[in-house]
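Engineer: I am attaching a structure below and will ask some questions about it afterwards.
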Amino acid sequence: MKKKYCLLLAVMMIATLTNAQEKKFSPEQFDAELQKFIVWDAKLTPEEAAKFFPLYWEMQKKQRELYEKQQHIAKNKPADDKGCRQIIKERDEIELEMKRVQLDYHNKFMNVLSPSKVYDALRSEYKFHRHKMKQWSFGPKPASQMRKRR
């Protein structure tokens, strides 16, 4: 009887460790899944994907740098209203810069893909992120269960 409990305990521990490893976030894996989903959902051909994704990742890198800058300046609250006003203005300027980057790259995307394909790719990105947020909140669901809206 004791052997059965030990075996059961060992199996549960292995399952728990395996599950914990699966939950570890990998930016590379996330980006690969995102790219795969966009290609599938937006129905990009290999040629279209080869033109689109270098620009897409370039845009993501620039936006991430701006976001990190924004987070850094807002880390500590200034002691007075003048300092707070300055931080708010700086954060607002960074947000505007992020939108300018997005606008610039959306135009670049439309130089390599049709506007319809760009729309589909951007919509696919949105759908993927929503799916991931739900997955992280409520547990994993296979991508095949994601609703396809057209």
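Within each chain, counting starts at residue 1; across the structure tokens, chains are named A, B, ... in the order shown, with ligands numbered 1 upward in that order.
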Within 8 Å of range 121-127 of chain A, counting only C-alpha atoms, which residues qualify if same-chain residues fewer than 3 places away don't, as a VMD selection string?
Structural biologist: chain A and resid 34 37 to 39 41 to 42 117 to 118 130 to 131
Engineer: Quick one: everything within 12 Å of Gln102 in chain A, counting only C-alpha atoms, minus sequence neighbours fewer than 2 positions away in the same chain. Send it as number ranges by chain.
Structural biologist: A: 55-64, 66, 95-100, 104-109, 122
Engineer: Please determine, counting only C-alpha atoms, which residue among A:Phe52, A:Tyr67, A:Trp136, A:Tyr119 has the shortest atom-to-atom distance to Glu90 in chain A.
Structural biologist: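 Among the listed residues, the smallest separation from Glu90 in chain A belongs to A:Tyr67.
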Engineer: Using DSSP on the backbone coordinates, identify all residues within range 14-145 of chain A classified as alpha helix (DSSP H); present the result as a VMD selection string.
Structural biologist: chain A and resid 14 to 22 27 to 41 46 to 73 81 to 112 115 to 138
